[in-house]
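The structure file my_file.cif is reproduced below (mmCIF, N, CA, C and O atoms).
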data_entry
#
loop_
_atom_site.group_PDB
_atom_site.id
_atom_site.type_symbol
_atom_site.label_atom_id
_atom_site.label_comp_id
_atom_site.auth_asym_id
_atom_site.auth_seq_id
_atom_site.Cartn_x
_atom_site.Cartn_y
_atom_site.Cartn_z
ATOM 1 N N ARG A 1 -8.869 -11.888 -15.933
ATOM 2 C CA ARG A 1 -7.822 -10.906 -15.728
ATOM 3 C C ARG A 1 -7.905 -10.293 -14.336
ATOM 4 O O ARG A 1 -6.890 -9.998 -13.734
ATOM 5 N N ARG A 2 -9.127 -10.078 -13.833
ATOM 6 C CA ARG A 2 -9.292 -9.477 -12.510
ATOM 7 C C ARG A 2 -8.620 -10.327 -11.438
ATOM 8 O O ARG A 2 -8.017 -9.814 -10.497
ATOM 9 N N LYS A 3 -8.732 -11.640 -11.596
ATOM 10 C CA LYS A 3 -8.161 -12.555 -10.608
ATOM 11 C C LYS A 3 -6.655 -12.366 -10.473
ATOM 12 O O LYS A 3 -6.099 -12.473 -9.383
ATOM 13 N N ALA A 4 -5.995 -12.066 -11.569
ATOM 14 C CA ALA A 4 -4.543 -11.925 -11.551
ATOM 15 C C ALA A 4 -4.080 -10.512 -11.208
ATOM 16 O O ALA A 4 -2.960 -10.327 -10.750
ATOM 17 N N ILE A 5 -4.939 -9.523 -11.439
ATOM 18 C CA ILE A 5 -4.506 -8.137 -11.273
ATOM 19 C C ILE A 5 -4.997 -7.529 -9.962
ATOM 20 O O ILE A 5 -4.215 -6.964 -9.195
ATOM 21 N N VAL A 6 -6.285 -7.627 -9.688
ATOM 22 C CA VAL A 6 -6.873 -6.890 -8.572
ATOM 23 C C VAL A 6 -7.006 -7.723 -7.310
ATOM 24 O O VAL A 6 -6.692 -7.255 -6.218
ATOM 25 N N GLU A 7 -7.467 -8.922 -7.436
ATOM 26 C CA GLU A 7 -7.802 -9.705 -6.247
ATOM 27 C C GLU A 7 -6.621 -9.966 -5.313
ATOM 28 O O GLU A 7 -6.814 -9.956 -4.098
ATOM 29 N N PRO A 8 -5.392 -10.169 -5.796
ATOM 30 C CA PRO A 8 -4.285 -10.348 -4.850
ATOM 31 C C PRO A 8 -4.056 -9.123 -3.950
ATOM 32 O O PRO A 8 -3.691 -9.262 -2.792
ATOM 33 N N VAL A 9 -4.309 -7.932 -4.490
ATOM 34 C CA VAL A 9 -4.132 -6.709 -3.704
ATOM 35 C C VAL A 9 -5.146 -6.677 -2.559
ATOM 36 O O VAL A 9 -4.802 -6.412 -1.403
ATOM 37 N N PHE A 10 -6.407 -6.955 -2.873
ATOM 38 C CA PHE A 10 -7.423 -6.950 -1.824
ATOM 39 C C PHE A 10 -7.186 -8.086 -0.832
ATOM 40 O O PHE A 10 -7.433 -7.937 0.359
ATOM 41 N N GLY A 11 -6.699 -9.214 -1.315
ATOM 42 C CA GLY A 11 -6.371 -10.316 -0.406
ATOM 43 C C GLY A 11 -5.258 -9.937 0.545
ATOM 44 O O GLY A 11 -5.296 -10.267 1.736
ATOM 45 N N HIS A 12 -4.251 -9.223 0.041
ATOM 46 C CA HIS A 12 -3.144 -8.786 0.885
ATOM 47 C C HIS A 12 -3.629 -7.791 1.928
ATOM 48 O O HIS A 12 -3.244 -7.855 3.101
ATOM 49 N N MET A 13 -4.491 -6.861 1.511
ATOM 50 C CA MET A 13 -5.043 -5.898 2.464
ATOM 51 C C MET A 13 -5.856 -6.608 3.542
ATOM 52 O O MET A 13 -5.813 -6.238 4.711
ATOM 53 N N LYS A 14 -6.572 -7.636 3.137
ATOM 54 C CA LYS A 14 -7.371 -8.399 4.090
ATOM 55 C C LYS A 14 -6.460 -9.093 5.105
ATOM 56 O O LYS A 14 -6.759 -9.136 6.299
ATOM 57 N N ASN A 15 -5.332 -9.607 4.650
ATOM 58 C CA ASN A 15 -4.376 -10.258 5.548
ATOM 59 C C ASN A 15 -3.743 -9.264 6.512
ATOM 60 O O ASN A 15 -3.301 -9.648 7.595
ATOM 61 N N LEU A 16 -3.684 -7.999 6.113
ATOM 62 C CA LEU A 16 -3.141 -6.969 6.994
ATOM 63 C C LEU A 16 -4.135 -6.547 8.070
ATOM 64 O O LEU A 16 -3.802 -5.778 8.956
ATOM 65 N N GLY A 17 -5.362 -7.028 7.977
ATOM 66 C CA GLY A 17 -6.356 -6.718 8.988
ATOM 67 C C GLY A 17 -7.453 -5.797 8.514
ATOM 68 O O GLY A 17 -8.320 -5.401 9.293
ATOM 69 N N PHE A 18 -7.433 -5.419 7.253
ATOM 70 C CA PHE A 18 -8.460 -4.534 6.716
ATOM 71 C C PHE A 18 -9.645 -5.376 6.264
ATOM 72 O O PHE A 18 -9.682 -5.891 5.168
ATOM 73 N N ARG A 19 -10.616 -5.547 7.153
ATOM 74 C CA ARG A 19 -11.787 -6.381 6.854
ATOM 75 C C ARG A 19 -13.018 -5.555 6.529
ATOM 76 O O ARG A 19 -13.956 -6.035 5.935
ATOM 77 N N GLY A 20 -13.026 -4.314 6.946
ATOM 78 C CA GLY A 20 -14.171 -3.450 6.690
ATOM 79 C C GLY A 20 -13.840 -2.035 7.102
ATOM 80 O O GLY A 20 -12.832 -1.781 7.758
ATOM 81 N N PHE A 21 -14.670 -1.112 6.706
ATOM 82 C CA PHE A 21 -14.427 0.289 7.030
ATOM 83 C C PHE A 21 -14.876 0.579 8.451
ATOM 84 O O PHE A 21 -15.887 0.080 8.921
ATOM 85 N N ARG A 22 -14.115 1.411 9.130
ATOM 86 C CA ARG A 22 -14.432 1.746 10.517
ATOM 87 C C ARG A 22 -15.178 3.075 10.617
ATOM 88 O O ARG A 22 -15.722 3.398 11.655
ATOM 89 N N LEU A 23 -15.164 3.837 9.550
ATOM 90 C CA LEU A 23 -15.789 5.157 9.556
ATOM 91 C C LEU A 23 -17.049 5.151 8.703
ATOM 92 O O LEU A 23 -17.254 4.244 7.896
ATOM 93 N N ARG A 24 -17.847 6.178 8.873
ATOM 94 C CA ARG A 24 -19.069 6.310 8.084
ATOM 95 C C ARG A 24 -18.964 7.537 7.186
ATOM 96 O O ARG A 24 -18.292 8.507 7.509
ATOM 97 N N GLY A 25 -19.635 7.467 6.071
ATOM 98 C CA GLY A 25 -19.634 8.585 5.129
ATOM 99 C C GLY A 25 -18.671 8.321 3.990
ATOM 100 O O GLY A 25 -17.575 7.794 4.191
ATOM 101 N N LEU A 26 -19.086 8.680 2.791
ATOM 102 C CA LEU A 26 -18.294 8.393 1.602
ATOM 103 C C LEU A 26 -16.924 9.049 1.642
ATOM 104 O O LEU A 26 -15.908 8.432 1.293
ATOM 105 N N GLU A 27 -16.858 10.294 2.084
ATOM 106 C CA GLU A 27 -15.577 11.005 2.126
ATOM 107 C C GLU A 27 -14.605 10.336 3.096
ATOM 108 O O GLU A 27 -13.425 10.156 2.790
ATOM 109 N N LYS A 28 -15.102 9.940 4.260
ATOM 110 C CA LYS A 28 -14.245 9.284 5.249
ATOM 111 C C LYS A 28 -13.827 7.896 4.789
ATOM 112 O O LYS A 28 -12.676 7.489 5.005
ATOM 113 N N VAL A 29 -14.724 7.173 4.137
ATOM 114 C CA VAL A 29 -14.394 5.841 3.623
ATOM 115 C C VAL A 29 -13.340 5.956 2.535
ATOM 116 O O VAL A 29 -12.398 5.153 2.483
ATOM 117 N N ARG A 30 -13.476 6.951 1.682
ATOM 118 C CA ARG A 30 -12.456 7.158 0.637
ATOM 119 C C ARG A 30 -11.093 7.459 1.263
ATOM 120 O O ARG A 30 -10.061 6.966 0.794
ATOM 121 N N GLY A 31 -11.075 8.261 2.306
ATOM 122 C CA GLY A 31 -9.818 8.560 2.992
ATOM 123 C C GLY A 31 -9.218 7.335 3.643
ATOM 124 O O GLY A 31 -8.005 7.101 3.562
ATOM 125 N N GLU A 32 -10.055 6.536 4.268
ATOM 126 C CA GLU A 32 -9.583 5.312 4.907
ATOM 127 C C GLU A 32 -9.019 4.338 3.871
ATOM 128 O O GLU A 32 -7.969 3.728 4.069
ATOM 129 N N PHE A 33 -9.713 4.220 2.736
ATOM 130 C CA PHE A 33 -9.239 3.327 1.678
ATOM 131 C C PHE A 33 -7.930 3.847 1.092
ATOM 132 O O PHE A 33 -7.018 3.069 0.801
ATOM 133 N N ALA A 34 -7.810 5.169 0.940
ATOM 134 C CA ALA A 34 -6.568 5.749 0.433
ATOM 135 C C ALA A 34 -5.401 5.446 1.373
ATOM 136 O O ALA A 34 -4.289 5.155 0.916
ATOM 137 N N LEU A 35 -5.648 5.491 2.684
ATOM 138 C CA LEU A 35 -4.590 5.150 3.640
ATOM 139 C C LEU A 35 -4.173 3.683 3.522
ATOM 140 O O LEU A 35 -2.987 3.360 3.594
ATOM 141 N N MET A 36 -5.157 2.810 3.334
ATOM 142 C CA MET A 36 -4.827 1.386 3.166
ATOM 143 C C MET A 36 -4.032 1.156 1.885
ATOM 144 O O MET A 36 -3.091 0.369 1.864
ATOM 145 N N CYS A 37 -4.389 1.850 0.827
ATOM 146 C CA CYS A 37 -3.649 1.728 -0.430
ATOM 147 C C CYS A 37 -2.219 2.238 -0.262
ATOM 148 O O CYS A 37 -1.266 1.626 -0.758
ATOM 149 N N ALA A 38 -2.071 3.346 0.450
ATOM 150 C CA ALA A 38 -0.732 3.893 0.695
ATOM 151 C C ALA A 38 0.099 2.921 1.520
ATOM 152 O O ALA A 38 1.286 2.693 1.227
ATOM 153 N N ALA A 39 -0.503 2.309 2.538
ATOM 154 C CA ALA A 39 0.217 1.329 3.357
ATOM 155 C C ALA A 39 0.631 0.132 2.509
ATOM 156 O O ALA A 39 1.768 -0.357 2.620
ATOM 157 N N HIS A 40 -0.253 -0.323 1.643
ATOM 158 C CA HIS A 40 0.064 -1.458 0.764
ATOM 159 C C HIS A 40 1.243 -1.115 -0.149
ATOM 160 O O HIS A 40 2.178 -1.902 -0.289
ATOM 161 N N ASN A 41 1.208 0.081 -0.747
ATOM 162 C CA ASN A 41 2.281 0.492 -1.652
ATOM 163 C C ASN A 41 3.601 0.693 -0.916
ATOM 164 O O ASN A 41 4.671 0.340 -1.435
ATOM 165 N N LEU A 42 3.549 1.244 0.299
ATOM 166 C CA LEU A 42 4.785 1.405 1.081
ATOM 167 C C LEU A 42 5.397 0.052 1.432
ATOM 168 O O LEU A 42 6.625 -0.114 1.388
ATOM 169 N N LEU A 43 4.561 -0.918 1.776
ATOM 170 C CA LEU A 43 5.077 -2.256 2.067
ATOM 171 C C LEU A 43 5.725 -2.875 0.837
ATOM 172 O O LEU A 43 6.741 -3.569 0.939
ATOM 173 N N LYS A 44 5.155 -2.625 -0.336
ATOM 174 C CA LYS A 44 5.755 -3.127 -1.575
ATOM 175 C C LYS A 44 7.125 -2.501 -1.811
ATOM 176 O O LYS A 44 8.069 -3.182 -2.221
ATOM 177 N N ILE A 45 7.253 -1.198 -1.526
ATOM 178 C CA ILE A 45 8.533 -0.508 -1.708
ATOM 179 C C ILE A 45 9.559 -1.039 -0.724
ATOM 180 O O ILE A 45 10.708 -1.313 -1.090
ATOM 181 N N VAL A 46 9.177 -1.209 0.536
ATOM 182 C CA VAL A 46 10.094 -1.730 1.552
ATOM 183 C C VAL A 46 10.567 -3.135 1.167
ATOM 184 O O VAL A 46 11.762 -3.451 1.289
ATOM 185 N N LYS A 47 9.660 -3.949 0.698
ATOM 186 C CA LYS A 47 10.022 -5.306 0.288
ATOM 187 C C LYS A 47 10.994 -5.277 -0.895
ATOM 188 O O LYS A 47 11.976 -6.028 -0.922
ATOM 189 N N ALA A 48 10.751 -4.384 -1.860
ATOM 190 C CA ALA A 48 11.636 -4.280 -3.018
ATOM 191 C C ALA A 48 13.030 -3.816 -2.608
ATOM 192 O O ALA A 48 14.032 -4.303 -3.122
ATOM 193 N N VAL A 49 13.103 -2.884 -1.669
ATOM 194 C CA VAL A 49 14.398 -2.401 -1.186
ATOM 195 C C VAL A 49 15.120 -3.522 -0.444
ATOM 196 O O VAL A 49 16.321 -3.751 -0.636
ATOM 197 N N ALA A 50 14.393 -4.253 0.398
ATOM 198 C CA ALA A 50 15.006 -5.329 1.174
ATOM 199 C C ALA A 50 15.526 -6.445 0.276
ATOM 200 O O ALA A 50 16.551 -7.058 0.572
ATOM 201 N N GLU A 51 14.831 -6.700 -0.830
ATOM 202 C CA GLU A 51 15.257 -7.754 -1.744
ATOM 203 C C GLU A 51 16.307 -7.273 -2.729
ATOM 204 O O GLU A 51 16.822 -8.051 -3.517
ATOM 205 N N GLY A 52 16.627 -5.971 -2.705
ATOM 206 C CA GLY A 52 17.644 -5.438 -3.591
ATOM 207 C C GLY A 52 17.141 -5.101 -4.976
ATOM 208 O O GLY A 52 17.922 -4.836 -5.877
ATOM 209 N N ILE A 53 15.829 -5.129 -5.162
ATOM 210 C CA ILE A 53 15.270 -4.804 -6.464
ATOM 211 C C ILE A 53 15.429 -3.312 -6.729
ATOM 212 O O ILE A 53 15.720 -2.884 -7.840
ATOM 213 N N ILE A 54 15.244 -2.513 -5.686
ATOM 214 C CA ILE A 54 15.413 -1.069 -5.787
ATOM 215 C C ILE A 54 16.643 -0.697 -4.972
ATOM 216 O O ILE A 54 16.759 -1.047 -3.803
ATOM 217 N N ASN A 55 17.560 0.014 -5.591
ATOM 218 C CA ASN A 55 18.777 0.439 -4.911
ATOM 219 C C ASN A 55 18.601 1.883 -4.467
ATOM 220 O O ASN A 55 18.390 2.770 -5.286
ATOM 221 N N ILE A 56 18.697 2.111 -3.184
ATOM 222 C CA ILE A 56 18.565 3.465 -2.653
ATOM 223 C C ILE A 56 19.961 3.991 -2.345
ATOM 224 O O ILE A 56 20.692 3.411 -1.554
ATOM 225 N N ASP A 57 20.303 5.085 -2.989
ATOM 226 C CA ASP A 57 21.593 5.721 -2.772
ATOM 227 C C ASP A 57 21.472 6.649 -1.572
ATOM 228 O O ASP A 57 20.699 7.604 -1.591
ATOM 229 N N GLN A 58 22.214 6.385 -0.522
ATOM 230 C CA GLN A 58 22.117 7.171 0.708
ATOM 231 C C GLN A 58 22.482 8.628 0.480
ATOM 232 O O GLN A 58 21.941 9.522 1.096
ATOM 233 N N ARG A 59 23.419 8.891 -0.435
ATOM 234 C CA ARG A 59 23.795 10.272 -0.711
ATOM 235 C C ARG A 59 22.641 11.048 -1.326
ATOM 236 O O ARG A 59 22.431 12.220 -1.014
ATOM 237 N N ALA A 60 21.859 10.399 -2.177
ATOM 238 C CA ALA A 60 20.715 11.062 -2.802
ATOM 239 C C ALA A 60 19.651 11.383 -1.759
ATOM 240 O O ALA A 60 19.022 12.439 -1.822
ATOM 241 N N ILE A 61 19.489 10.492 -0.811
ATOM 242 C CA ILE A 61 18.500 10.726 0.253
ATOM 243 C C ILE A 61 18.925 11.899 1.117
ATOM 244 O O ILE A 61 18.130 12.759 1.454
ATOM 245 N N ARG A 62 20.217 11.962 1.475
ATOM 246 C CA ARG A 62 20.707 13.066 2.293
ATOM 247 C C ARG A 62 20.585 14.388 1.552
ATOM 248 O O ARG A 62 20.269 15.415 2.144
ATOM 249 N N ALA A 63 20.832 14.391 0.239
ATOM 250 C CA ALA A 63 20.747 15.618 -0.562
ATOM 251 C C ALA A 63 19.310 16.122 -0.610
ATOM 252 O O ALA A 63 19.074 17.331 -0.561
ATOM 253 N N GLN A 64 18.347 15.226 -0.692
ATOM 254 C CA GLN A 64 16.959 15.630 -0.735
ATOM 255 C C GLN A 64 16.496 16.164 0.611
ATOM 256 O O GLN A 64 15.663 17.065 0.675
ATOM 257 N N ALA A 65 17.033 15.633 1.708
ATOM 258 C CA ALA A 65 16.631 16.061 3.043
ATOM 259 C C ALA A 65 17.189 17.459 3.376
ATOM 260 O O ALA A 65 16.618 18.180 4.170
ATOM 261 N N ALA A 66 18.307 17.812 2.754
ATOM 262 C CA ALA A 66 18.958 19.093 3.067
ATOM 263 C C ALA A 66 18.327 20.272 2.407
ATOM 264 O O ALA A 66 17.454 20.325 1.695
#
Output the structure of this file as structure tokens.
Amino acid sequence: RRKAIVEPVFGHMKNLGFRGFRLRGLEKVRGEFALMCAAHNLLKIVKAVAEGIINIDQRAIRAQAA
């Protein structure tokens, strides 16, 4: 199950250039990993929007910004 669920995510992060941590200390490593996870999730959202899987209503976005 791990092969199908977790490993593709780490493989994708590795392809993005995340080969190891650049900072030292558990707190900093956790922050760095959280940023990589956020980048991975944002790329998934952008891809879904581009493929039309997620429909973004421009009026809703403008209403939230106001």
Q. So how many Å separate CA of His12 (chain A) and atom C of Ala34 (chain A), to one decimal?
A. 14.4 Å
Q: For atom C of Met36 (chain A) and atom O of Ile5 (chain A), determine how far apart the two atoms are, in Å to one decimal place.
A: 13.7 Å
Q: Could you tell me how far atom C of Lys14 (chain A) lies from atom C of Gly31 (chain A), in Å and to one decimal?
A: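 About the pair atom C of Lys14 (chain A) and atom C of Gly31 (chain A): they are 16.7 Å apart.
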I need region 4-48 of chain A from the structure I supplied, saved as an mmCIF file, in the first residue's frame with C-alpha atoms retained.
data_model
loop_
_atom_site.group_PDB
_atom_site.id
_atom_site.type_symbol
_atom_site.label_atom_id
_atom_site.label_comp_id
_atom_site.auth_asym_id
_atom_site.auth_seq_id
_atom_site.Cartn_x
_atom_site.Cartn_y
_atom_site.Cartn_z
ATOM 1 C CA ALA A 4 0.848 3.331 -4.174
ATOM 2 C CA ILE A 5 0.093 6.001 -1.581
ATOM 3 C CA VAL A 6 3.266 7.585 -0.211
ATOM 4 C CA GLU A 7 6.178 6.855 -2.486
ATOM 5 C CA PRO A 8 4.870 8.749 -5.557
ATOM 6 C CA VAL A 9 4.665 11.924 -3.445
ATOM 7 C CA PHE A 10 8.273 11.637 -2.296
ATOM 8 C CA GLY A 11 9.336 10.768 -5.840
ATOM 9 C CA HIS A 12 7.628 13.899 -7.142
ATOM 10 C CA MET A 13 9.312 16.029 -4.485
ATOM 11 C CA LYS A 14 12.634 14.491 -5.445
ATOM 12 C CA ASN A 15 12.022 15.419 -9.095
ATOM 13 C CA LEU A 16 11.361 18.994 -7.991
ATOM 14 C CA GLY A 17 14.876 19.133 -6.575
ATOM 15 C CA PHE A 18 14.239 18.257 -2.944
ATOM 16 C CA ARG A 19 17.071 15.792 -2.311
ATOM 17 C CA GLY A 20 17.887 16.640 1.283
ATOM 18 C CA PHE A 21 17.388 19.199 3.996
ATOM 19 C CA ARG A 22 19.422 22.379 3.817
ATOM 20 C CA LEU A 23 18.869 23.447 7.417
ATOM 21 C CA ARG A 24 19.840 21.933 10.736
ATOM 22 C CA GLY A 25 17.655 21.303 13.746
ATOM 23 C CA LEU A 26 14.368 19.465 14.041
ATOM 24 C CA GLU A 27 12.222 22.607 14.091
ATOM 25 C CA LYS A 28 13.859 24.017 10.957
ATOM 26 C CA VAL A 29 13.686 20.666 9.152
ATOM 27 C CA ARG A 30 9.991 20.402 9.978
ATOM 28 C CA GLY A 31 9.446 23.891 8.565
ATOM 29 C CA GLU A 32 11.383 23.086 5.423
ATOM 30 C CA PHE A 33 9.421 19.863 4.929
ATOM 31 C CA ALA A 34 6.143 21.731 5.493
ATOM 32 C CA LEU A 35 7.120 24.190 2.743
ATOM 33 C CA MET A 36 7.874 21.330 0.356
ATOM 34 C CA CYS A 37 4.522 19.730 1.157
ATOM 35 C CA ALA A 38 2.758 23.046 0.554
ATOM 36 C CA ALA A 39 4.548 23.454 -2.790
ATOM 37 C CA HIS A 40 3.557 19.912 -3.783
ATOM 38 C CA ASN A 41 -0.094 20.539 -2.873
ATOM 39 C CA LEU A 42 -0.169 23.896 -4.688
ATOM 40 C CA LEU A 43 1.194 22.251 -7.834
ATOM 41 C CA LYS A 44 -1.552 19.627 -7.585
ATOM 42 C CA ILE A 45 -4.190 22.378 -7.337
ATOM 43 C CA VAL A 46 -2.739 24.294 -10.299
ATOM 44 C CA LYS A 47 -2.685 21.119 -12.373
ATOM 45 C CA ALA A 48 -6.305 20.329 -11.447
#
